[in-house]
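K.L.:
File target-v7.csv below, CSV, C-alpha atoms:
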```csv
chain,number,residue,atom,x,y,z
A,1,MET,CA,81.1,130.8,11.1
A,2,ARG,CA,80.9,128.8,7.8
A,3,SER,CA,78.7,125.8,8.1
A,4,VAL,CA,80.1,124.0,5.0
A,5,THR,CA,83.7,123.5,3.9
A,6,TYR,CA,83.7,122.8,0.2
A,7,VAL,CA,86.2,120.5,-1.3
A,8,ALA,CA,86.9,120.6,-5.1
A,9,ASN,CA,87.4,118.0,-7.8
A,10,ASN,CA,84.6,115.6,-6.7
A,11,ASP,CA,82.4,113.4,-8.9
A,12,VAL,CA,78.9,113.5,-7.2
A,13,THR,CA,76.2,111.4,-9.0
A,14,LEU,CA,72.5,111.8,-8.1
A,15,LEU,CA,70.7,108.5,-7.6
A,16,GLU,CA,66.9,108.5,-7.6
A,17,SER,CA,65.1,105.9,-5.4
A,18,GLY,CA,66.1,102.3,-5.0
A,19,SER,CA,65.9,101.5,-8.7
A,20,THR,CA,69.2,103.4,-9.3
A,21,TYR,CA,70.6,103.4,-5.8
A,22,LEU,CA,70.6,99.7,-5.1
A,23,PRO,CA,72.5,98.5,-8.2
A,24,ALA,CA,75.1,101.2,-7.6
A,25,LEU,CA,75.5,100.3,-3.9
A,26,LEU,CA,75.6,96.5,-4.6
A,27,GLU,CA,78.3,97.1,-7.3
A,28,ALA,CA,80.5,98.9,-4.8
A,29,LEU,CA,79.9,96.3,-2.0
A,30,HIS,CA,80.8,93.4,-4.3
A,31,ALA,CA,84.0,95.3,-5.4
A,32,ALA,CA,85.1,96.0,-1.9
A,33,GLU,CA,88.7,94.9,-1.0
A,34,GLN,CA,89.5,96.3,2.4
A,35,GLU,CA,86.8,98.0,4.3
A,36,ILE,CA,83.0,98.8,4.3
A,37,LEU,CA,81.4,101.2,6.7
A,38,TYR,CA,77.6,101.0,6.5
A,39,GLU,CA,75.0,103.1,8.4
A,40,THR,CA,71.3,103.1,8.1
A,41,TYR,CA,68.2,104.1,10.1
A,42,ILE,CA,65.9,101.3,9.0
A,43,TYR,CA,67.3,97.9,8.1
A,44,ALA,CA,64.2,95.9,7.0
A,45,GLU,CA,63.7,92.2,6.6
A,46,ASP,CA,62.7,92.1,2.9
A,47,GLU,CA,64.3,91.1,-0.3
A,48,THR,CA,66.1,94.4,-0.8
A,49,ALA,CA,67.7,94.2,2.7
A,50,ARG,CA,68.6,90.5,2.2
A,51,ALA,CA,70.5,91.4,-1.0
A,52,ILE,CA,72.5,94.0,0.9
A,53,THR,CA,73.0,91.5,3.8
A,54,ASP,CA,74.3,88.9,1.4
A,55,ALA,CA,76.7,91.4,-0.2
A,56,LEU,CA,78.0,92.5,3.2
A,57,ILE,CA,78.5,88.9,4.4
A,58,ALA,CA,80.2,87.9,1.1
A,59,ALA,CA,82.6,90.8,1.6
A,60,ALA,CA,83.4,89.7,5.2
A,61,LYS,CA,84.1,86.2,4.0
A,62,ARG,CA,86.7,87.4,1.5
A,63,GLY,CA,88.5,89.3,4.2
A,64,VAL,CA,87.0,92.8,4.0
A,65,LYS,CA,86.5,94.5,7.4
A,66,VAL,CA,82.7,95.2,7.5
A,67,ARG,CA,81.2,97.4,10.1
A,68,VAL,CA,77.5,98.0,10.2
A,69,VAL,CA,75.5,100.5,12.4
A,70,THR,CA,71.7,100.5,12.5
A,71,ASP,CA,69.4,102.7,14.6
A,72,TRP,CA,67.8,100.6,17.3
A,73,PHE,CA,64.5,102.5,17.2
A,74,GLY,CA,64.3,102.8,13.4
A,75,THR,CA,65.1,99.1,12.8
A,76,GLY,CA,63.2,97.8,15.7
A,77,ASN,CA,64.6,95.7,18.6
A,78,ARG,CA,63.7,92.3,17.4
A,79,ALA,CA,64.8,92.9,13.8
A,80,ALA,CA,68.0,94.5,15.1
A,81,CYS,CA,68.8,91.6,17.3
A,82,ARG,CA,68.1,89.0,14.6
A,83,LEU,CA,70.4,91.0,12.3
A,84,GLY,CA,73.1,91.1,14.9
A,85,GLU,CA,73.0,87.3,15.2
A,86,THR,CA,73.2,86.9,11.4
A,87,PHE,CA,76.2,89.2,11.1
A,88,ALA,CA,78.0,87.7,14.1
A,89,ALA,CA,77.8,84.3,12.6
A,90,ALA,CA,79.3,85.6,9.4
A,91,GLY,CA,82.1,87.8,10.8
A,92,VAL,CA,80.4,91.2,10.2
A,93,HIS,CA,80.9,93.7,13.0
A,94,TYR,CA,77.6,95.1,14.1
A,95,ARG,CA,76.4,97.8,16.5
A,96,MET,CA,73.0,99.3,17.4
A,97,PHE,CA,72.7,103.0,17.9
A,98,ASN,CA,71.2,104.0,21.3
A,99,PRO,CA,69.4,100.8,22.3
A,100,TRP,CA,66.5,101.4,24.7
A,101,PHE,CA,67.4,105.2,24.5
A,102,LYS,CA,70.2,104.7,27.0
A,103,ARG,CA,71.8,107.9,25.7
A,104,GLY,CA,68.7,110.1,25.6
A,105,ALA,CA,66.2,110.7,22.8
A,106,ALA,CA,68.6,110.9,19.9
A,107,ARG,CA,68.3,108.6,16.9
A,108,SER,CA,70.8,107.9,14.2
A,109,HIS,CA,68.8,108.9,11.1
A,110,ARG,CA,71.9,108.8,8.8
A,111,LYS,CA,72.3,106.7,5.7
A,112,VAL,CA,76.0,106.6,4.9
A,113,THR,CA,78.2,104.0,3.2
A,114,VAL,CA,81.9,104.2,2.6
A,115,VAL,CA,83.8,101.5,0.6
A,116,ASP,CA,87.6,101.2,0.7
A,117,ASN,CA,87.7,105.0,1.3
A,118,GLU,CA,87.2,105.3,-2.5
A,119,VAL,CA,83.5,105.7,-2.9
A,120,ALA,CA,80.8,106.9,-0.5
A,121,PHE,CA,77.0,107.0,-0.6
A,122,VAL,CA,74.9,109.5,1.4
A,123,GLY,CA,71.2,110.2,1.2
A,124,GLY,CA,67.8,109.4,2.6
A,125,ILE,CA,67.3,105.9,1.3
A,126,ASN,CA,67.0,103.2,4.0
A,127,THR,CA,67.7,99.5,3.7
A,128,ASN,CA,64.3,98.5,2.6
A,129,ASP,CA,62.1,97.8,-0.4
A,130,ASP,CA,60.9,100.8,-2.4
A,131,MET,CA,57.5,99.3,-2.9
A,132,LEU,CA,56.8,98.7,0.8
A,133,CYS,CA,55.8,101.3,3.4
A,134,ASP,CA,58.4,102.4,5.9
A,135,TYR,CA,56.3,102.1,9.1
A,136,GLU,CA,54.0,99.3,7.8
A,137,PRO,CA,56.5,96.9,6.2
A,138,HIS,CA,53.8,94.6,4.8
A,139,GLU,CA,51.7,97.4,3.2
A,140,PRO,CA,52.4,98.0,-0.5
A,141,LEU,CA,52.8,101.5,-1.8
A,142,PRO,CA,50.9,102.7,-4.9
A,143,ALA,CA,54.3,103.6,-6.6
A,144,PRO,CA,57.9,103.4,-5.6
A,145,ARG,CA,58.9,105.5,-2.6
A,146,TRP,CA,60.3,108.8,-3.9
A,147,ASP,CA,63.8,109.4,-2.4
A,148,PHE,CA,67.4,110.3,-3.3
A,149,ALA,CA,71.0,109.6,-2.5
A,150,VAL,CA,74.3,110.5,-4.0
A,151,ARG,CA,77.4,108.5,-4.9
A,152,VAL,CA,80.6,110.4,-4.2
A,153,HIS,CA,84.1,109.9,-5.7
A,154,GLY,CA,87.0,112.3,-4.9
A,155,PRO,CA,88.6,114.1,-2.0
A,156,LEU,CA,85.3,114.5,-0.1
A,157,VAL,CA,85.2,110.7,0.5
A,158,ASP,CA,88.0,111.2,3.0
A,159,GLU,CA,85.8,113.5,5.2
A,160,ILE,CA,82.8,111.1,4.9
A,161,HIS,CA,85.1,108.2,5.8
A,162,ARG,CA,86.5,110.0,8.9
A,163,GLU,CA,83.0,110.8,10.1
A,164,ALA,CA,81.8,107.2,9.5
A,165,GLN,CA,84.7,105.8,11.5
A,166,ALA,CA,83.9,108.3,14.3
A,167,GLN,CA,80.3,107.2,14.3
A,168,TRP,CA,81.4,103.5,14.7
A,169,ALA,CA,83.6,104.5,17.6
A,170,ARG,CA,80.9,106.5,19.3
A,171,THR,CA,78.4,103.6,19.2
A,172,GLY,CA,80.9,101.5,21.1
A,173,HIS,CA,82.0,101.7,24.8
A,174,LEU,CA,84.5,104.5,24.7
A,175,ALA,CA,86.4,105.7,27.8
A,176,LEU,CA,86.0,109.4,28.7
A,177,GLY,CA,89.5,110.2,27.6
A,178,ARG,CA,89.0,108.6,24.2
A,179,ARG,CA,85.7,110.4,23.8
A,180,VAL,CA,87.4,113.7,24.5
A,181,LYS,CA,90.2,112.9,22.0
A,182,LEU,CA,87.6,111.9,19.4
A,183,PHE,CA,85.7,115.2,20.0
A,184,LYS,CA,88.9,117.2,19.4
A,185,GLU,CA,89.8,115.3,16.2
A,186,MET,CA,86.3,115.7,14.7
A,187,ARG,CA,86.4,119.5,15.3
A,188,LYS,CA,89.1,119.8,12.8
A,189,LYS,CA,87.8,120.6,9.3
A,190,PRO,CA,89.4,119.6,6.1
A,191,PRO,CA,91.0,122.5,4.2
A,192,ALA,CA,89.0,123.9,1.3
A,193,GLN,CA,90.6,122.9,-2.0
A,194,GLY,CA,90.4,125.3,-4.9
A,195,GLU,CA,87.5,126.6,-6.9
A,196,ARG,CA,87.3,123.9,-9.6
A,197,PRO,CA,84.2,121.8,-10.0
A,198,MET,CA,82.7,119.7,-8.6
A,199,ARG,CA,82.8,121.4,-5.2
A,200,ALA,CA,81.0,119.6,-2.4
A,201,GLY,CA,80.8,119.5,1.4
A,202,PHE,CA,79.7,116.9,3.9
A,203,VAL,CA,77.5,118.3,6.7
A,204,VAL,CA,76.5,116.3,9.8
A,205,ARG,CA,74.3,117.1,12.7
A,206,ASP,CA,74.7,115.6,16.2
A,207,ASN,CA,73.9,116.5,19.7
A,208,LEU,CA,77.1,118.2,20.8
A,209,ARG,CA,79.6,119.6,18.4
A,210,ASN,CA,77.4,120.1,15.3
A,211,ARG,CA,73.9,120.9,16.7
A,212,ARG,CA,73.0,123.5,14.1
A,213,THR,CA,75.3,122.7,11.1
A,214,ILE,CA,72.6,121.5,8.7
A,215,GLN,CA,70.1,124.2,9.6
A,216,ARG,CA,72.9,126.8,9.2
A,217,ALA,CA,73.7,125.5,5.7
A,218,TYR,CA,70.0,125.9,4.7
A,219,LEU,CA,69.7,129.3,6.3
A,220,GLN,CA,72.8,130.6,4.6
A,221,ALA,CA,71.7,129.3,1.2
A,222,ILE,CA,68.1,130.6,1.5
A,223,GLY,CA,69.3,133.9,2.9
A,224,GLN,CA,71.5,134.5,-0.2
A,225,ALA,CA,68.9,133.2,-2.7
A,226,ARG,CA,68.2,135.6,-5.6
A,227,LYS,CA,66.2,133.5,-8.1
A,228,ARG,CA,64.6,130.4,-6.7
A,229,VAL,CA,64.4,127.9,-3.8
A,230,LEU,CA,63.1,124.4,-4.4
A,231,MET,CA,62.7,122.2,-1.4
A,232,ALA,CA,61.2,118.7,-0.9
A,233,THR,CA,60.7,117.2,2.5
A,234,PRO,CA,58.4,114.5,3.9
A,235,TYR,CA,57.8,116.4,7.2
A,236,PHE,CA,57.8,120.2,7.6
A,237,ALA,CA,57.9,121.6,11.1
A,238,PRO,CA,61.0,123.8,11.4
A,239,GLY,CA,61.6,126.5,13.9
A,240,ARG,CA,60.8,130.2,13.5
A,241,ARG,CA,64.2,131.2,12.0
A,242,PHE,CA,63.8,128.6,9.2
A,243,ARG,CA,60.3,129.7,8.3
A,244,ASP,CA,61.3,133.4,8.5
A,245,ALA,CA,64.1,132.8,6.0
A,246,MET,CA,61.7,131.2,3.5
A,247,CYS,CA,59.2,134.0,3.9
A,248,LYS,CA,61.8,136.8,3.6
A,249,ALA,CA,63.2,135.2,0.4
A,250,ALA,CA,59.7,135.0,-1.1
A,251,ARG,CA,59.0,138.7,-0.2
A,252,ARG,CA,62.1,139.8,-2.0
A,253,GLY,CA,61.0,138.2,-5.2
A,254,VAL,CA,62.6,134.7,-4.9
A,255,ASP,CA,60.5,131.9,-6.3
A,256,VAL,CA,60.2,129.7,-3.2
A,257,CYS,CA,58.4,126.3,-3.6
A,258,LEU,CA,57.9,123.8,-0.9
A,259,LEU,CA,57.0,120.2,-1.8
A,260,ILE,CA,55.7,118.4,1.2
A,261,GLY,CA,54.8,114.7,1.6
A,262,VAL,CA,51.4,114.1,3.1
A,263,GLY,CA,49.2,111.1,4.0
A,264,GLU,CA,51.6,109.2,6.3
A,265,PHE,CA,50.8,110.7,9.8
A,266,ARG,CA,47.7,112.8,10.4
A,267,VAL,CA,49.3,114.7,13.3
A,268,GLN,CA,52.4,115.5,11.2
A,269,ASP,CA,50.2,116.7,8.3
A,270,ALA,CA,48.2,118.9,10.7
A,271,VAL,CA,51.4,120.4,12.1
A,272,ALA,CA,52.7,121.2,8.6
A,273,ALA,CA,49.3,122.7,7.7
A,274,SER,CA,49.4,125.0,10.6
A,275,PHE,CA,52.3,126.9,8.8
A,276,TYR,CA,50.5,127.1,5.5
A,277,ARG,CA,48.8,130.5,5.9
A,278,GLU,CA,52.0,132.2,7.1
A,279,LEU,CA,54.0,130.8,4.2
A,280,LEU,CA,51.3,131.4,1.5
A,281,GLU,CA,50.7,135.0,2.6
A,282,ALA,CA,54.5,135.7,2.2
A,283,GLY,CA,54.4,134.3,-1.4
A,284,VAL,CA,55.8,130.8,-0.8
A,285,ARG,CA,54.3,128.2,-3.1
A,286,ILE,CA,53.2,125.0,-1.4
A,287,VAL,CA,52.6,121.7,-3.2
A,288,GLU,CA,51.4,118.5,-1.5
A,289,TYR,CA,52.8,115.2,-2.9
A,290,ARG,CA,50.2,112.4,-2.8
A,291,LYS,CA,51.4,110.0,-5.5
A,292,THR,CA,53.3,107.7,-3.1
A,293,GLN,CA,55.4,108.0,0.0
A,294,LEU,CA,57.7,111.1,-0.3
A,295,HIS,CA,60.9,110.4,1.6
A,296,ALA,CA,63.2,112.8,-0.2
A,297,LYS,CA,65.1,115.5,1.8
A,298,VAL,CA,66.5,117.6,-1.0
A,299,ALA,CA,66.8,121.3,-2.0
A,300,VAL,CA,68.1,123.5,-4.8
A,301,VAL,CA,68.9,127.2,-4.5
A,302,ASP,CA,69.7,129.5,-7.5
A,303,ASP,CA,70.7,126.7,-9.9
A,304,ILE,CA,74.1,126.4,-8.2
A,305,TRP,CA,73.5,125.1,-4.6
A,306,ALA,CA,71.9,121.7,-3.9
A,307,THR,CA,71.7,119.3,-1.0
A,308,VAL,CA,70.8,115.7,-0.6
A,309,GLY,CA,70.7,113.8,2.6
A,310,SER,CA,68.8,112.4,5.6
A,311,SER,CA,67.7,115.6,7.3
A,312,ASN,CA,64.0,116.5,7.2
A,313,CYS,CA,62.9,120.1,7.8
A,314,ASP,CA,61.5,119.5,11.2
A,315,ALA,CA,62.7,119.7,14.8
A,316,LEU,CA,63.6,116.0,15.1
A,317,SER,CA,66.1,116.2,12.2
A,318,LEU,CA,67.3,119.8,12.9
A,319,PHE,CA,67.7,119.5,16.6
A,320,ILE,CA,67.6,115.9,17.9
A,321,ASN,CA,68.5,113.2,15.3
A,322,GLN,CA,71.9,112.5,14.0
A,323,GLU,CA,71.9,113.4,10.3
A,324,ALA,CA,74.2,113.6,7.3
A,325,ASN,CA,73.8,115.7,4.1
A,326,VAL,CA,76.0,116.3,1.1
A,327,VAL,CA,76.0,119.9,-0.2
A,328,VAL,CA,77.0,120.5,-3.8
A,329,ARG,CA,78.0,123.8,-5.5
A,330,ASP,CA,77.8,122.8,-9.2
A,331,ALA,CA,75.4,124.0,-11.9
A,332,ARG,CA,75.0,120.7,-13.7
A,333,PHE,CA,74.2,118.8,-10.5
A,334,ALA,CA,71.8,121.5,-9.3
A,335,ALA,CA,70.0,121.4,-12.7
A,336,SER,CA,69.6,117.6,-12.4
A,337,MET,CA,68.3,117.9,-8.8
A,338,ALA,CA,66.0,120.8,-9.8
A,339,GLN,CA,64.5,118.8,-12.6
A,340,GLN,CA,63.7,115.9,-10.2
A,341,ILE,CA,62.0,118.3,-7.8
A,342,GLN,CA,60.0,119.9,-10.6
A,343,ASN,CA,58.9,116.4,-11.7
A,344,GLY,CA,57.7,115.9,-8.1
A,345,ILE,CA,55.9,119.3,-8.1
A,346,ALA,CA,54.1,118.3,-11.4
A,347,ASP,CA,52.9,115.1,-9.7
A,348,GLY,CA,51.7,117.1,-6.6
A,349,VAL,CA,48.6,119.1,-5.7
A,350,PRO,CA,49.1,122.9,-5.2
A,351,VAL,CA,47.7,124.5,-2.0
A,352,GLY,CA,46.4,128.1,-2.1
A,353,LEU,CA,44.9,130.5,0.4
A,354,GLU,CA,41.4,129.8,-1.0
A,355,ASP,CA,41.8,126.2,0.0
A,356,LEU,CA,42.5,127.3,3.6
A,357,ARG,CA,39.4,129.5,3.7
A,358,LYS,CA,37.3,126.4,2.8
A,359,LEU,CA,38.5,124.5,5.8
A,360,SER,CA,36.0,124.0,8.6
A,361,TRP,CA,36.7,125.6,12.0
A,362,VAL,CA,37.2,122.1,13.4
A,363,ARG,CA,40.0,121.4,11.0
A,364,ARG,CA,41.6,124.8,11.6
A,365,CYS,CA,41.5,124.2,15.4
A,366,GLY,CA,42.9,120.7,14.9
A,367,HIS,CA,45.9,122.2,13.0
A,368,GLU,CA,46.6,124.8,15.7
A,369,THR,CA,46.2,122.2,18.5
A,370,ALA,CA,48.6,119.8,16.7
A,371,TYR,CA,51.1,122.6,16.4
A,372,PHE,CA,50.8,123.6,20.0
A,373,LEU,CA,51.4,120.1,21.3
A,374,TYR,CA,54.3,119.6,18.8
A,375,LYS,CA,55.9,122.8,19.9
A,376,LEU,CA,55.5,122.0,23.5
A,377,THR,CA,57.1,118.5,23.0
A,378,MET,CA,60.0,119.9,21.0
A,379,ARG,CA,60.7,122.7,23.5
A,380,ILE,CA,61.3,119.9,26.0
A,381,PHE,CA,63.5,117.6,23.8
A,382,ALA,CA,64.9,120.0,21.2
A,383,ILE,CA,66.7,122.9,22.9
A,384,GLY,CA,66.8,125.8,20.5
A,385,TYR,CA,63.6,125.0,18.8
A,386,ALA,CA,61.2,128.0,18.4
```
Please express what this file holds, its structure, as structure tokens.
P.N.:
Amino acid sequence: MRSVTYVANNDVTLLESGSTYLPALLEALHAAEQEILYETYIYAEDETARAITDALIAAAKRGVKVRVVTDWFGTGNRAACRLGETFAAAGVHYRMFNPWFKRGAARSHRKVTVVDNEVAFVGGINTNDDMLCDYEPHEPLPAPRWDFAVRVHGPLVDEIHREAQAQWARTGHLALGRRVKLFKEMRKKPPAQGERPMRAGFVVRDNLRNRRTIQRAYLQAIGQARKRVLMATPYFAPGRRFRDAMCKAARRGVDVCLLIGVGEFRVQDAVAASFYRELLEAGVRIVEYRKTQLHAKVAVVDDIWATVGSSNCDALSLFINQEANVVVRDARFAASMAQQIQNGIADGVPVGLEDLRKLSWVRRCGHETAYFLYKLTMRIFAIGYA
């Protein structure tokens, strides 16, 4: 089964971090005439977030229907409630995703905006300041958070709009019959349209109908790779199939390079490090990014396939969280994304087998213990993880 349905004749623009993303997003919000659908995982209480809040409220006051979904866990209960009060007073429709985990462990990790069904934004960038840490909002970063999003014009916006509307409906109180109808509607895929550039697809992951779509897209691309695979992710802890695909590609001569963010969470770093020997022995290059917080979830395969989105390469993103990625088949876009990843690699620190040999037995045991506990937890919550 194909995991991605590509639609032709799109204009997909790569946006690096908040310095390029925020002006583009605000321009679209200020120009909105009919509808804004806005989803984010973290909605902070800083100047960046206030600028977006002001734009959303201004749009509502001029008659635009504005619908906002934030993740309850990612935003935080108090901040989410305060935001709800602010929006309610201004006529902005607002919903929290899965408050108090009433619908299980799932989180909405998506960052999706659609304006007037004309332009869409998809990526990994939250509604917060680039210079402030995600999990410690008052702690400054040494450099702007490294992250990406895309701005989409063209036929693919229809698919993104349809999914954003469905997400809004799912976060409300739907009767069983309406949920079944929505499920049937969302199973329908848009027809592929031609072979002309720029071809792109929208891939989502949820806990029912699309549990493996994003992982399948990665596996197919890596499995068909002939030249190179460049991948950047903040957290690396995928299942066996994903790691095997990377190792097999490296063994058949593909240049596979994994850029991993480190320094945020010790346990997560230890879990990722537990995979290093396996990957390095297969020929995968590993580079740790220490310049600032790496939040990018991007990849390029063979100078033609690229993806940008919210999905990390770990069990939470691949098996539990709700995620959204745009996949692009276009040489120019892939070259642009590859250059950005190469810049990140140049700023990183390579890891080799010799570095692993220098680790103390305490560190090595710590890595294995972290992996064992992580795997045990994910076996409970992420059915299909291995």
K.L.:
Can you tell me, as an mmCIF file with C-alpha atoms, in the coordinates of the input, what residues are no more than 12 Å from A:Leu318 when counting all atoms listed in the file, ignoring any on the same chain fewer than 2 positions away?
P.N.:
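selection.cif, written as the output of this step:
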```
data_model
loop_
_atom_site.group_PDB
_atom_site.id
_atom_site.type_symbol
_atom_site.label_atom_id
_atom_site.label_comp_id
_atom_site.auth_asym_id
_atom_site.auth_seq_id
_atom_site.Cartn_x
_atom_site.Cartn_y
_atom_site.Cartn_z
ATOM 1 C CA ALA A 106 68.600 110.900 19.900
ATOM 2 C CA ARG A 107 68.300 108.600 16.900
ATOM 3 C CA HIS A 109 68.800 108.900 11.100
ATOM 4 C CA VAL A 204 76.500 116.300 9.800
ATOM 5 C CA ARG A 205 74.300 117.100 12.700
ATOM 6 C CA ASP A 206 74.700 115.600 16.200
ATOM 7 C CA ASN A 207 73.900 116.500 19.700
ATOM 8 C CA ASN A 210 77.400 120.100 15.300
ATOM 9 C CA ARG A 211 73.900 120.900 16.700
ATOM 10 C CA ARG A 212 73.000 123.500 14.100
ATOM 11 C CA THR A 213 75.300 122.700 11.100
ATOM 12 C CA ILE A 214 72.600 121.500 8.700
ATOM 13 C CA GLN A 215 70.100 124.200 9.600
ATOM 14 C CA ARG A 216 72.900 126.800 9.200
ATOM 15 C CA ALA A 217 73.700 125.500 5.700
ATOM 16 C CA TYR A 218 70.000 125.900 4.700
ATOM 17 C CA LEU A 219 69.700 129.300 6.300
ATOM 18 C CA TYR A 235 57.800 116.400 7.200
ATOM 19 C CA PHE A 236 57.800 120.200 7.600
ATOM 20 C CA ALA A 237 57.900 121.600 11.100
ATOM 21 C CA PRO A 238 61.000 123.800 11.400
ATOM 22 C CA GLY A 239 61.600 126.500 13.900
ATOM 23 C CA ARG A 241 64.200 131.200 12.000
ATOM 24 C CA PHE A 242 63.800 128.600 9.200
ATOM 25 C CA SER A 310 68.800 112.400 5.600
ATOM 26 C CA SER A 311 67.700 115.600 7.300
ATOM 27 C CA ASN A 312 64.000 116.500 7.200
ATOM 28 C CA CYS A 313 62.900 120.100 7.800
ATOM 29 C CA ASP A 314 61.500 119.500 11.200
ATOM 30 C CA ALA A 315 62.700 119.700 14.800
ATOM 31 C CA LEU A 316 63.600 116.000 15.100
ATOM 32 C CA ILE A 320 67.600 115.900 17.900
ATOM 33 C CA ASN A 321 68.500 113.200 15.300
ATOM 34 C CA GLN A 322 71.900 112.500 14.000
ATOM 35 C CA GLU A 323 71.900 113.400 10.300
ATOM 36 C CA ALA A 324 74.200 113.600 7.300
ATOM 37 C CA ASN A 325 73.800 115.700 4.100
ATOM 38 C CA MET A 378 60.000 119.900 21.000
ATOM 39 C CA PHE A 381 63.500 117.600 23.800
ATOM 40 C CA ALA A 382 64.900 120.000 21.200
ATOM 41 C CA ILE A 383 66.700 122.900 22.900
ATOM 42 C CA GLY A 384 66.800 125.800 20.500
ATOM 43 C CA TYR A 385 63.600 125.000 18.800
ATOM 44 C CA ALA A 386 61.200 128.000 18.400
#
```
K.L.:
Distance atom CA of A:Glu281-atom CA of A:Pro350, one decimal place?
P.N.:
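For atom CA of A:Glu281 relative to atom CA of A:Pro350, the distance reads 14.5 Å.
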K.L.:
Quote the spacing between atom CA of A:Gly124 and atom CA of A:Thr40 in Å to one decimal place.
P.N.:
9.1 Å
K.L.:
Could you name the residues that touch A:Gly91 at 7 Å or less, counting only C-alpha atoms, but leaving out those on the same chain fewer than 3 positions away, as number ranges by chain?
P.N.:
A: 60, 87-88
K.L.:
If you count all atoms listed in the file, which residues fall within 12 Å of A:Val349, apart from same-chain ones fewer than 4 positions away, as a ChimeraX atom specification?
P.N.:
/A:258-262,285-291,344-345,355
K.L.:
If you keep C-alpha atoms, can you produce a file of those selected residues as a PDB file, in the coordinates of the input?
P.N.:
```
ATOM      1  CA  LEU A 258      57.900 123.800  -0.900  1.00  0.00           C
ATOM      2  CA  LEU A 259      57.000 120.200  -1.800  1.00  0.00           C
ATOM      3  CA  ILE A 260      55.700 118.400   1.200  1.00  0.00           C
ATOM      4  CA  GLY A 261      54.800 114.700   1.600  1.00  0.00           C
ATOM      5  CA  VAL A 262      51.400 114.100   3.100  1.00  0.00           C
ATOM      6  CA  ARG A 285      54.300 128.200  -3.100  1.00  0.00           C
ATOM      7  CA  ILE A 286      53.200 125.000  -1.400  1.00  0.00           C
ATOM      8  CA  VAL A 287      52.600 121.700  -3.200  1.00  0.00           C
ATOM      9  CA  GLU A 288      51.400 118.500  -1.500  1.00  0.00           C
ATOM     10  CA  TYR A 289      52.800 115.200  -2.900  1.00  0.00           C
ATOM     11  CA  ARG A 290      50.200 112.400  -2.800  1.00  0.00           C
ATOM     12  CA  LYS A 291      51.400 110.000  -5.500  1.00  0.00           C
ATOM     13  CA  GLY A 344      57.700 115.900  -8.100  1.00  0.00           C
ATOM     14  CA  ILE A 345      55.900 119.300  -8.100  1.00  0.00           C
ATOM     15  CA  ASP A 355      41.800 126.200   0.000  1.00  0.00           C
TER      16      ASP A 355
END
```
K.L.:
Counting all atoms listed in the file, find the residues whose atoms lie at most 12 Å from (55.8, 102.0, 10.2) (file coordinates) and write them out as JSON, numbers by chain.
P.N.:
{"A": [42, 44, 73, 74, 75, 76, 128, 132, 133, 134, 135, 136, 137, 138, 139, 140, 264, 265, 293]}
K.L.:
If we count only C-alpha atoms, what is near A:Tyr371 at a cut-off of 10 Å, once residues fewer than 5 positions away on the same chain are taken out, given as a PDB file with C-alpha atoms, in the frame of the given file?
P.N.:
```pdb
ATOM      1  CA  ALA A 237      57.900 121.600  11.100  1.00  0.00           C
ATOM      2  CA  VAL A 267      49.300 114.700  13.300  1.00  0.00           C
ATOM      3  CA  GLN A 268      52.400 115.500  11.200  1.00  0.00           C
ATOM      4  CA  ALA A 270      48.200 118.900  10.700  1.00  0.00           C
ATOM      5  CA  VAL A 271      51.400 120.400  12.100  1.00  0.00           C
ATOM      6  CA  ALA A 272      52.700 121.200   8.600  1.00  0.00           C
ATOM      7  CA  ALA A 273      49.300 122.700   7.700  1.00  0.00           C
ATOM      8  CA  SER A 274      49.400 125.000  10.600  1.00  0.00           C
ATOM      9  CA  PHE A 275      52.300 126.900   8.800  1.00  0.00           C
ATOM     10  CA  CYS A 365      41.500 124.200  15.400  1.00  0.00           C
ATOM     11  CA  GLY A 366      42.900 120.700  14.900  1.00  0.00           C
ATOM     12  CA  LEU A 376      55.500 122.000  23.500  1.00  0.00           C
ATOM     13  CA  THR A 377      57.100 118.500  23.000  1.00  0.00           C
TER      14      THR A 377
END
```
K.L.:
One decimal, Å: what's the distance from atom CA of A:Thr369 over to atom CA of A:Tyr276, could you say?
P.N.:
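Straight-line distance from atom CA of A:Thr369 to atom CA of A:Tyr276 works out to 14.5 Å.
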K.L.:
Using only C-alpha atoms, which protein or nucleic acid residues come within 8 Å of A:Lys65? Drop anything in the same chain fewer than 5 positions from it, and give the result as a PyMOL selection string.
P.N.:
chain A and resi 34-36+59-60+92-93
K.L.:
From the set A:Leu15, A:Ile57, A:Ala80, A:Met231, which residue has the shortest atom-to-atom contact distance to A:Ala338, counting only C-alpha atoms?
P.N.:
A:Met231
K.L.:
Check the smallest atom-to-atom distance from each of A:Ala55, A:Ala143, A:Leu373, A:Ile341 to A:Ala32 using only C-alpha atoms, then report the winner.
P.N.:
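Using only C-alpha atoms, A:Ala32 sits closest to A:Ala55.
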K.L.:
Counting only C-alpha atoms, which of A:Leu280, A:Glu27, A:Ala8, A:Asp129 gets nearest to A:Arg50?
P.N.:
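For A:Arg50, the nearest of the given residues is A:Asp129.
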K.L.:
Could you tell me, as a count of residues only, which residues have any atom at most 10 Å from (60.9, 132.2, -0.6), counting only C-alpha atoms?
P.N.:
30
K.L.:
Nearest residue to A:Asp158 out of A:Lys61, A:Val298, A:Gly201, A:Ala24, using only C-alpha atoms?
P.N.:
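Residue with the minimum atom-to-atom distance to A:Asp158: A:Gly201.
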K.L.:
Using all atoms listed in the file, which residue out of A:Val301, A:Ala149, A:Val328, A:Leu156 lies closest to A:Asn126?
P.N.:
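Checking each candidate against A:Asn126, we get A:Ala149 as the closest.
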